[in-house]
$ cat input-v8.tsv   # TSV, C-alpha atoms
chain	number	residue	atom	x	y	z
V	1	ALA	CA	0.00	0.00	0.00
V	2	ALA	CA	2.82	2.39	0.86
V	3	HIS	CA	4.55	1.82	-2.49
V	4	SER	CA	1.52	1.57	-4.77
V	5	GLU	CA	2.14	4.84	-6.63
V	6	ALA	CA	5.81	4.02	-7.19
V	7	ILE	CA	4.85	0.60	-8.54
V	8	ALA	CA	2.24	2.19	-10.80
V	9	ARG	CA	4.85	4.57	-12.22
V	10	LEU	CA	7.25	1.70	-12.81
V	11	GLU	CA	4.53	-0.28	-14.58
V	12	SER	CA	3.65	2.68	-16.80
V	13	ALA	CA	7.32	3.23	-17.67
V	14	GLN	CA	7.94	-0.38	-18.67
V	15	ASN	CA	4.76	-1.14	-20.67
V	16	GLY	CA	3.48	2.30	-21.73
V	17	LYS	CA	0.02	1.98	-20.20
V	18	LEU	CA	-1.72	5.00	-18.72
V	19	LEU	CA	-0.57	5.95	-15.24
V	20	ALA	CA	-4.19	6.35	-14.13
V	21	GLU	CA	-4.94	2.76	-15.07
V	22	MET	CA	-1.85	1.47	-13.30
V	23	LYS	CA	-2.77	3.40	-10.15
V	24	ALA	CA	-6.23	1.87	-10.22
V	25	GLN	CA	-4.74	-1.61	-10.55
V	26	ALA	CA	-2.36	-0.94	-7.66
V	27	THR	CA	-5.39	-0.17	-5.47
V	28	VAL	CA	-6.98	-3.51	-6.40
V	29	VAL	CA	-3.68	-5.28	-5.69
V	30	ARG	CA	-3.73	-3.95	-2.12
V	31	GLU	CA	-7.17	-5.44	-1.58
V	32	TRP	CA	-6.05	-8.83	-2.91
V	33	LEU	CA	-3.14	-8.86	-0.46
V	34	TYR	CA	-5.35	-7.84	2.48
V	35	TYR	CA	-7.89	-10.54	1.62
V	36	PHE	CA	-5.47	-13.44	1.21
V	37	GLY	CA	-3.33	-12.26	4.11
V	38	GLY	CA	-6.43	-12.63	6.27
V	39	LEU	CA	-7.30	-16.00	4.73
V	40	ALA	CA	-3.90	-17.58	5.36
V	41	ASP	CA	-4.57	-18.66	8.98
V	42	LYS	CA	-8.12	-19.83	8.23
V	43	ILE	CA	-7.38	-22.69	5.81
V	44	GLU	CA	-8.30	-25.75	7.86
V	45	GLY	CA	-9.25	-29.38	7.44
V	46	ARG	CA	-12.68	-30.71	8.35
V	47	VAL	CA	-14.18	-33.96	9.56
V	48	ILE	CA	-16.74	-35.57	7.23
V	49	PRO	CA	-19.64	-37.25	9.09
V	50	LEU	CA	-20.01	-41.00	8.51
V	51	GLU	CA	-22.47	-43.61	9.71
V	52	ARG	CA	-19.63	-45.98	10.66
V	53	GLN	CA	-18.24	-44.80	13.97
V	54	SER	CA	-15.14	-47.00	13.64
V	55	VAL	CA	-13.78	-45.00	10.73
V	56	LEU	CA	-12.26	-41.51	10.85
V	57	ASN	CA	-12.75	-39.67	7.57
V	58	TYR	CA	-11.36	-36.18	7.24
V	59	THR	CA	-10.08	-33.63	4.74
V	60	LEU	CA	-6.62	-32.17	5.31
V	61	ARG	CA	-5.56	-29.26	3.14
V	62	GLU	CA	-1.84	-29.26	2.34
V	63	PRO	CA	0.36	-27.05	0.13
V	64	LEU	CA	1.17	-28.33	-3.34
V	65	GLY	CA	4.78	-27.16	-3.07
V	66	VAL	CA	6.31	-24.98	-5.79
V	67	ILE	CA	3.94	-23.00	-8.02
V	68	GLY	CA	5.17	-21.66	-11.37
V	69	VAL	CA	3.55	-18.34	-12.29
V	70	ILE	CA	3.88	-16.96	-15.84
V	71	VAL	CA	2.45	-13.49	-16.46
V	72	PRO	CA	2.24	-11.25	-19.56
V	73	TRP	CA	3.36	-7.69	-20.09
V	74	ASN	CA	0.04	-5.83	-20.02
V	75	SER	CA	-0.77	-5.88	-16.28
V	76	PRO	CA	2.23	-7.59	-14.68
V	77	THR	CA	1.83	-6.53	-11.03
V	78	PHE	CA	-1.93	-7.12	-10.93
V	79	LEU	CA	-1.65	-10.54	-12.56
V	80	THR	CA	1.37	-11.51	-10.44
V	81	ILE	CA	-0.47	-10.81	-7.19
V	82	MET	CA	-3.64	-12.47	-8.49
V	83	SER	CA	-1.72	-15.78	-8.65
V	84	CYS	CA	0.94	-15.34	-5.97
V	85	ALA	CA	-1.26	-14.14	-3.10
V	86	PRO	CA	-3.50	-17.25	-2.93
V	87	ALA	CA	-0.51	-19.53	-3.59
V	88	LEU	CA	1.40	-18.07	-0.64
V	89	ALA	CA	-1.69	-18.04	1.59
V	90	ALA	CA	-2.05	-21.79	0.99
V	91	GLY	CA	1.55	-22.37	2.09
V	92	ASN	CA	3.26	-22.74	-1.28
V	93	THR	CA	6.39	-21.14	-2.67
V	94	VAL	CA	6.44	-19.40	-6.05
V	95	VAL	CA	8.73	-19.18	-9.06
V	96	LEU	CA	7.62	-16.18	-11.12
V	97	LYS	CA	8.43	-15.83	-14.82
V	98	PRO	CA	7.44	-12.31	-15.93
V	99	SER	CA	7.31	-11.14	-19.53
V	100	GLU	CA	10.79	-10.50	-20.83
V	101	VAL	CA	9.79	-6.89	-21.58
V	102	THR	CA	8.31	-6.09	-18.14
V	103	SER	CA	10.59	-7.75	-15.62
V	104	ALA	CA	11.43	-4.66	-13.56
V	105	SER	CA	8.24	-4.65	-11.50
V	106	ALA	CA	8.66	-8.35	-10.65
V	107	PHE	CA	12.02	-7.69	-9.00
V	108	GLU	CA	10.56	-4.73	-7.14
V	109	LEU	CA	7.65	-6.82	-5.85
V	110	VAL	CA	10.01	-9.51	-4.54
V	111	ARG	CA	12.17	-6.88	-2.88
V	112	LEU	CA	9.13	-5.39	-1.14
V	113	ALA	CA	7.90	-8.84	-0.14
V	114	GLU	CA	11.18	-9.65	1.59
V	115	GLU	CA	11.22	-6.19	3.16
V	116	ALA	CA	7.75	-6.94	4.55
V	117	GLY	CA	9.01	-10.16	6.17
V	118	ILE	CA	8.37	-12.91	3.64
V	119	PRO	CA	11.42	-15.23	3.85
V	120	PRO	CA	13.96	-15.04	1.01
V	121	GLY	CA	13.40	-17.84	-1.49
V	122	THR	CA	9.64	-17.95	-0.92
V	123	ILE	CA	9.08	-15.88	-4.07
V	124	ASN	CA	11.65	-16.28	-6.84
V	125	VAL	CA	11.99	-14.56	-10.22
V	126	VAL	CA	13.26	-16.25	-13.37
V	127	THR	CA	13.57	-13.96	-16.38
V	128	GLY	CA	13.70	-14.83	-20.04
V	129	ALA	CA	11.53	-15.49	-23.06
V	130	ARG	CA	9.85	-18.70	-24.28
V	131	ALA	CA	12.70	-21.05	-23.34
V	132	ALA	CA	12.55	-19.92	-19.70
V	133	GLY	CA	8.80	-20.48	-19.60
V	134	GLU	CA	9.09	-23.95	-21.13
V	135	ALA	CA	11.79	-24.92	-18.63
V	136	LEU	CA	9.54	-23.82	-15.78
V	137	VAL	CA	6.53	-25.73	-17.14
V	138	ASP	CA	8.61	-28.90	-17.67
V	139	HIS	CA	10.46	-28.87	-14.36
V	140	PRO	CA	9.57	-31.90	-12.22
V	141	GLY	CA	9.88	-29.85	-9.03
V	142	VAL	CA	7.06	-27.49	-10.04
V	143	ALA	CA	3.72	-28.86	-8.85
V	144	LYS	CA	1.42	-26.43	-10.65
V	145	ILE	CA	1.54	-23.77	-13.36
V	146	CYS	CA	-0.54	-20.58	-13.33
V	147	PHE	CA	-0.48	-18.86	-16.73
V	148	THR	CA	-2.08	-15.73	-18.13
V	149	GLY	CA	-1.73	-15.09	-21.84
V	150	SER	CA	-2.76	-16.20	-25.30
V	151	ASP	CA	-4.92	-19.19	-26.21
V	152	GLY	CA	-2.11	-20.74	-28.25
V	153	ALA	CA	0.43	-20.56	-25.44
V	154	GLY	CA	-2.20	-21.81	-23.00
V	155	ARG	CA	-2.83	-24.94	-25.10
V	156	ALA	CA	0.89	-25.64	-25.29
V	157	ILE	CA	1.33	-25.20	-21.53
V	158	ALA	CA	-1.66	-27.43	-20.74
V	159	ALA	CA	-0.25	-30.16	-22.99
V	160	ARG	CA	3.23	-29.99	-21.47
V	161	ALA	CA	1.89	-29.90	-17.91
V	162	GLY	CA	-0.48	-32.75	-18.65
V	163	ALA	CA	2.37	-34.88	-20.00
V	164	ARG	CA	3.82	-35.04	-16.47
V	165	LEU	CA	0.43	-34.90	-14.70
V	166	ALA	CA	1.03	-31.44	-13.25
V	167	SER	CA	-2.02	-29.26	-12.74
V	168	CYS	CA	-2.40	-25.84	-14.31
V	169	THR	CA	-4.69	-22.84	-14.15
V	170	LEU	CA	-5.07	-20.86	-17.39
V	171	GLU	CA	-6.47	-17.36	-17.75
V	172	LEU	CA	-6.57	-16.80	-21.51
V	173	GLY	CA	-7.78	-14.17	-23.95
V	174	GLY	CA	-11.47	-13.87	-24.70
V	175	LYS	CA	-13.98	-12.19	-26.98
V	176	SER	CA	-15.99	-10.27	-24.42
V	177	PRO	CA	-19.34	-8.83	-25.57
V	178	ASN	CA	-20.92	-5.64	-24.28
V	179	ILE	CA	-24.71	-5.75	-24.00
V	180	VAL	CA	-26.59	-2.45	-24.11
V	181	PHE	CA	-30.29	-2.64	-23.18
V	182	ASP	CA	-32.93	-0.19	-24.29
V	183	ASP	CA	-33.09	1.52	-20.88
V	184	ALA	CA	-29.33	2.14	-20.62
V	185	PRO	CA	-28.11	5.78	-20.40
V	186	VAL	CA	-26.73	6.30	-23.90
V	187	ASP	CA	-23.82	8.55	-22.91
V	188	ASN	CA	-22.65	6.11	-20.24
V	189	ALA	CA	-23.01	3.20	-22.65
V	190	VAL	CA	-20.83	4.93	-25.25
V	191	VAL	CA	-18.10	5.61	-22.69
V	192	GLY	CA	-18.23	2.01	-21.52
V	193	LEU	CA	-18.06	0.60	-25.04
V	194	LEU	CA	-15.12	2.78	-26.02
V	195	SER	CA	-13.12	2.15	-22.87
V	196	GLY	CA	-13.87	-1.57	-23.07
V	197	ILE	CA	-12.18	-1.99	-26.43
V	198	PHE	CA	-9.66	0.85	-26.58
V	199	ALA	CA	-8.26	0.69	-23.04
V	200	ALA	CA	-4.68	-0.56	-23.23
V	201	ALA	CA	-5.07	-0.48	-27.04
V	202	GLY	CA	-7.27	-3.55	-26.72
V	203	GLN	CA	-4.42	-5.59	-25.19
V	204	THR	CA	-6.42	-7.05	-22.35
V	205	CYS	CA	-8.02	-10.42	-21.62
V	206	ILE	CA	-11.47	-8.88	-21.33
V	207	ALA	CA	-11.38	-6.45	-24.24
V	208	GLY	CA	-14.95	-5.54	-25.23
V	209	SER	CA	-14.59	-6.65	-28.81
V	210	ARG	CA	-18.33	-6.80	-29.62
V	211	ALA	CA	-21.42	-4.80	-28.81
V	212	TYR	CA	-24.99	-6.11	-28.74
V	213	ILE	CA	-27.28	-3.09	-28.78
V	214	HIS	CA	-31.04	-3.24	-28.30
V	215	ALA	CA	-32.88	-2.30	-31.48
V	216	VAL	CA	-34.68	1.05	-31.19
$ encode --input "input-v8.tsv" --output "structure tokens"
Amino acid sequence: AAHSEAIARLESAQNGKLLAEMKAQATVVREWLYYFGGLADKIEGRVIPLERQSVLNYTLREPLGVIGVIVPWNSPTFLTIMSCAPALAAGNTVVLKPSEVTSASAFELVRLAEEAGIPPGTINVVTGARAAGEALVDHPGVAKICFTGSDGAGRAIAARAGARLASCTLELGGKSPNIVFDDAPVDNAVVGLLSGIFAAAGQTCIAGSRAYIHAV
């Protein structure tokens, strides 16, 4: 929270996005950290009731181990925290592979994390392009991959992870429609439609690439 504006300026400098948008994302990032920080000591097992009294049946939640996180260039800090915060709250460690063109904020986040008291080695950064990502996905010591990016890369990662029975979570690009009903304020609808497709030059997972408008 104390460094959110500095992080926003660093993000804007490395990927060219509007400072206002980066500041807004930094605010959301704070809330993610507060939420998962509060959740960390509330992840518990539970006993499942059975008719047979001679059997103890329970669920025990345990960390997976090492989580590989691969994030793109367009919202690196936001997407990093979106994956890393729940992974850390569940007791895992993280190896982060940022985009090769926006690595600066990743190093700053790790520095701030260690400054805040997270032990060194809990969050690690590996830089590089495709070869670095493939090495992370293929590594037998990585229990799960979290990836945000294109559909094509997502398919390739799912196939490679599946080959060694590692789990993965994919957040890929979409074709997000805007729906404008007949009672919508027209001026507000226009602003929403324009910002939905032109924000970040359309380089976002939820770009509003279509509009369904009620016939007048």
$ residues_around --input "input-v8.tsv" --residues "Leu10 of chain V" --least-positions-apart "4" --cutoff "9 Å" --atoms "all atoms listed in the file" --output "JSON, numbers by chain"
{"V": [5, 6, 14, 15, 104, 105]}
$ residues_around --input "input-v8.tsv" --residues "Leu33 of chain V" --least-positions-apart "5" --cutoff "10 Å" --atoms "all atoms listed in the file" --output "list in words"
Ala1, Val28, Gly38, Leu39, Ile81, Met82, Cys84, Ala85, Pro86 and Ala89 of chain V
$ residues_near_point --input "input-v8.tsv" --point "(-5.4, -33.9, 3.9)" --cutoff "10 Å" --atoms "only C-alpha atoms" --output "ChimeraX atom specification"
/V:44-46,58-63
$ residues_around --input "input-v8.tsv" --residues "segment 173-181 of chain V" --least-positions-apart "2" --cutoff "10 Å" --atoms "only C-alpha atoms" --output "number ranges by chain"
V: 148-152, 154, 170-171, 183-186, 189-190, 192-193, 196-197, 203-216
$ closest_residue --input "input-v8.tsv" --among "V:Ala40, V:Ile7, V:Met22, V:Val94" --to "Ala199 of chain V" --atoms "only C-alpha atoms"
V:Met22
$ residues_around --input "input-v8.tsv" --residues "Ala106 of chain V" --least-positions-apart "4" --cutoff "12 Å" --atoms "only C-alpha atoms" --output "mmCIF file with C-alpha atoms, in the frame of the given file"
data_model
loop_
_atom_site.group_PDB
_atom_site.id
_atom_site.type_symbol
_atom_site.label_atom_id
_atom_site.label_comp_id
_atom_site.auth_asym_id
_atom_site.auth_seq_id
_atom_site.Cartn_x
_atom_site.Cartn_y
_atom_site.Cartn_z
ATOM 1 C CA ILE V 7 4.850 0.600 -8.540
ATOM 2 C CA LEU V 10 7.250 1.700 -12.810
ATOM 3 C CA GLU V 11 4.530 -0.280 -14.580
ATOM 4 C CA GLN V 14 7.940 -0.380 -18.670
ATOM 5 C CA VAL V 69 3.550 -18.340 -12.290
ATOM 6 C CA ILE V 70 3.880 -16.960 -15.840
ATOM 7 C CA VAL V 71 2.450 -13.490 -16.460
ATOM 8 C CA PRO V 72 2.240 -11.250 -19.560
ATOM 9 C CA TRP V 73 3.360 -7.690 -20.090
ATOM 10 C CA SER V 75 -0.770 -5.880 -16.280
ATOM 11 C CA PRO V 76 2.230 -7.590 -14.680
ATOM 12 C CA THR V 77 1.830 -6.530 -11.030
ATOM 13 C CA PHE V 78 -1.930 -7.120 -10.930
ATOM 14 C CA LEU V 79 -1.650 -10.540 -12.560
ATOM 15 C CA THR V 80 1.370 -11.510 -10.440
ATOM 16 C CA ILE V 81 -0.470 -10.810 -7.190
ATOM 17 C CA CYS V 84 0.940 -15.340 -5.970
ATOM 18 C CA VAL V 95 8.730 -19.180 -9.060
ATOM 19 C CA LEU V 96 7.620 -16.180 -11.120
ATOM 20 C CA LYS V 97 8.430 -15.830 -14.820
ATOM 21 C CA PRO V 98 7.440 -12.310 -15.930
ATOM 22 C CA SER V 99 7.310 -11.140 -19.530
ATOM 23 C CA GLU V 100 10.790 -10.500 -20.830
ATOM 24 C CA VAL V 101 9.790 -6.890 -21.580
ATOM 25 C CA THR V 102 8.310 -6.090 -18.140
ATOM 26 C CA VAL V 110 10.010 -9.510 -4.540
ATOM 27 C CA ARG V 111 12.170 -6.880 -2.880
ATOM 28 C CA LEU V 112 9.130 -5.390 -1.140
ATOM 29 C CA ALA V 113 7.900 -8.840 -0.140
ATOM 30 C CA ILE V 123 9.080 -15.880 -4.070
ATOM 31 C CA ASN V 124 11.650 -16.280 -6.840
ATOM 32 C CA VAL V 125 11.990 -14.560 -10.220
ATOM 33 C CA VAL V 126 13.260 -16.250 -13.370
ATOM 34 C CA THR V 127 13.570 -13.960 -16.380
#
$ atom_distance --input "input-v8.tsv" --atom1 "atom CA of Ser83 of chain V" --atom2 "atom CA of Pro119 of chain V"
18.1 Å
$ atom_distance --input "input-v8.tsv" --atom1 "atom CA of Ala201 of chain V" --atom2 "atom CA of Ala26 of chain V"
19.6 Å
$ decode --input "input-v8.tsv" --residues "segment 36-82 of chain V" --atoms "C-alpha atoms" --output "PDB file, in the first residue's frame"
ATOM      1  CA  PHE V  36      -5.468 -13.442   1.207  1.00  0.00           C
ATOM      2  CA  GLY V  37      -3.334 -12.265   4.114  1.00  0.00           C
ATOM      3  CA  GLY V  38      -6.434 -12.634   6.274  1.00  0.00           C
ATOM      4  CA  LEU V  39      -7.299 -15.995   4.731  1.00  0.00           C
ATOM      5  CA  ALA V  40      -3.901 -17.584   5.364  1.00  0.00           C
ATOM      6  CA  ASP V  41      -4.573 -18.657   8.978  1.00  0.00           C
ATOM      7  CA  LYS V  42      -8.121 -19.833   8.231  1.00  0.00           C
ATOM      8  CA  ILE V  43      -7.376 -22.694   5.806  1.00  0.00           C
ATOM      9  CA  GLU V  44      -8.298 -25.753   7.863  1.00  0.00           C
ATOM     10  CA  GLY V  45      -9.253 -29.377   7.436  1.00  0.00           C
ATOM     11  CA  ARG V  46     -12.681 -30.711   8.354  1.00  0.00           C
ATOM     12  CA  VAL V  47     -14.176 -33.963   9.562  1.00  0.00           C
ATOM     13  CA  ILE V  48     -16.737 -35.566   7.231  1.00  0.00           C
ATOM     14  CA  PRO V  49     -19.637 -37.250   9.094  1.00  0.00           C
ATOM     15  CA  LEU V  50     -20.015 -41.003   8.515  1.00  0.00           C
ATOM     16  CA  GLU V  51     -22.470 -43.610   9.707  1.00  0.00           C
ATOM     17  CA  ARG V  52     -19.626 -45.980  10.655  1.00  0.00           C
ATOM     18  CA  GLN V  53     -18.236 -44.799  13.969  1.00  0.00           C
ATOM     19  CA  SER V  54     -15.135 -46.997  13.642  1.00  0.00           C
ATOM     20  CA  VAL V  55     -13.784 -44.995  10.727  1.00  0.00           C
ATOM     21  CA  LEU V  56     -12.259 -41.512  10.851  1.00  0.00           C
ATOM     22  CA  ASN V  57     -12.751 -39.668   7.571  1.00  0.00           C
ATOM     23  CA  TYR V  58     -11.363 -36.178   7.236  1.00  0.00           C
ATOM     24  CA  THR V  59     -10.083 -33.625   4.741  1.00  0.00           C
ATOM     25  CA  LEU V  60      -6.616 -32.169   5.308  1.00  0.00           C
ATOM     26  CA  ARG V  61      -5.558 -29.264   3.135  1.00  0.00           C
ATOM     27  CA  GLU V  62      -1.838 -29.259   2.340  1.00  0.00           C
ATOM     28  CA  PRO V  63       0.357 -27.049   0.134  1.00  0.00           C
ATOM     29  CA  LEU V  64       1.170 -28.333  -3.339  1.00  0.00           C
ATOM     30  CA  GLY V  65       4.778 -27.156  -3.074  1.00  0.00           C
ATOM     31  CA  VAL V  66       6.306 -24.985  -5.794  1.00  0.00           C
ATOM     32  CA  ILE V  67       3.936 -23.005  -8.021  1.00  0.00           C
ATOM     33  CA  GLY V  68       5.166 -21.658 -11.367  1.00  0.00           C
ATOM     34  CA  VAL V  69       3.552 -18.341 -12.290  1.00  0.00           C
ATOM     35  CA  ILE V  70       3.876 -16.962 -15.841  1.00  0.00           C
ATOM     36  CA  VAL V  71       2.449 -13.489 -16.462  1.00  0.00           C
ATOM     37  CA  PRO V  72       2.244 -11.247 -19.560  1.00  0.00           C
ATOM     38  CA  TRP V  73       3.363  -7.691 -20.089  1.00  0.00           C
ATOM     39  CA  ASN V  74       0.045  -5.832 -20.025  1.00  0.00           C
ATOM     40  CA  SER V  75      -0.766  -5.880 -16.275  1.00  0.00           C
ATOM     41  CA  PRO V  76       2.226  -7.587 -14.675  1.00  0.00           C
ATOM     42  CA  THR V  77       1.827  -6.534 -11.034  1.00  0.00           C
ATOM     43  CA  PHE V  78      -1.927  -7.115 -10.934  1.00  0.00           C
ATOM     44  CA  LEU V  79      -1.653 -10.536 -12.557  1.00  0.00           C
ATOM     45  CA  THR V  80       1.366 -11.514 -10.442  1.00  0.00           C
ATOM     46  CA  ILE V  81      -0.465 -10.810  -7.187  1.00  0.00           C
ATOM     47  CA  MET V  82      -3.639 -12.473  -8.489  1.00  0.00           C
TER      48      MET V  82
END
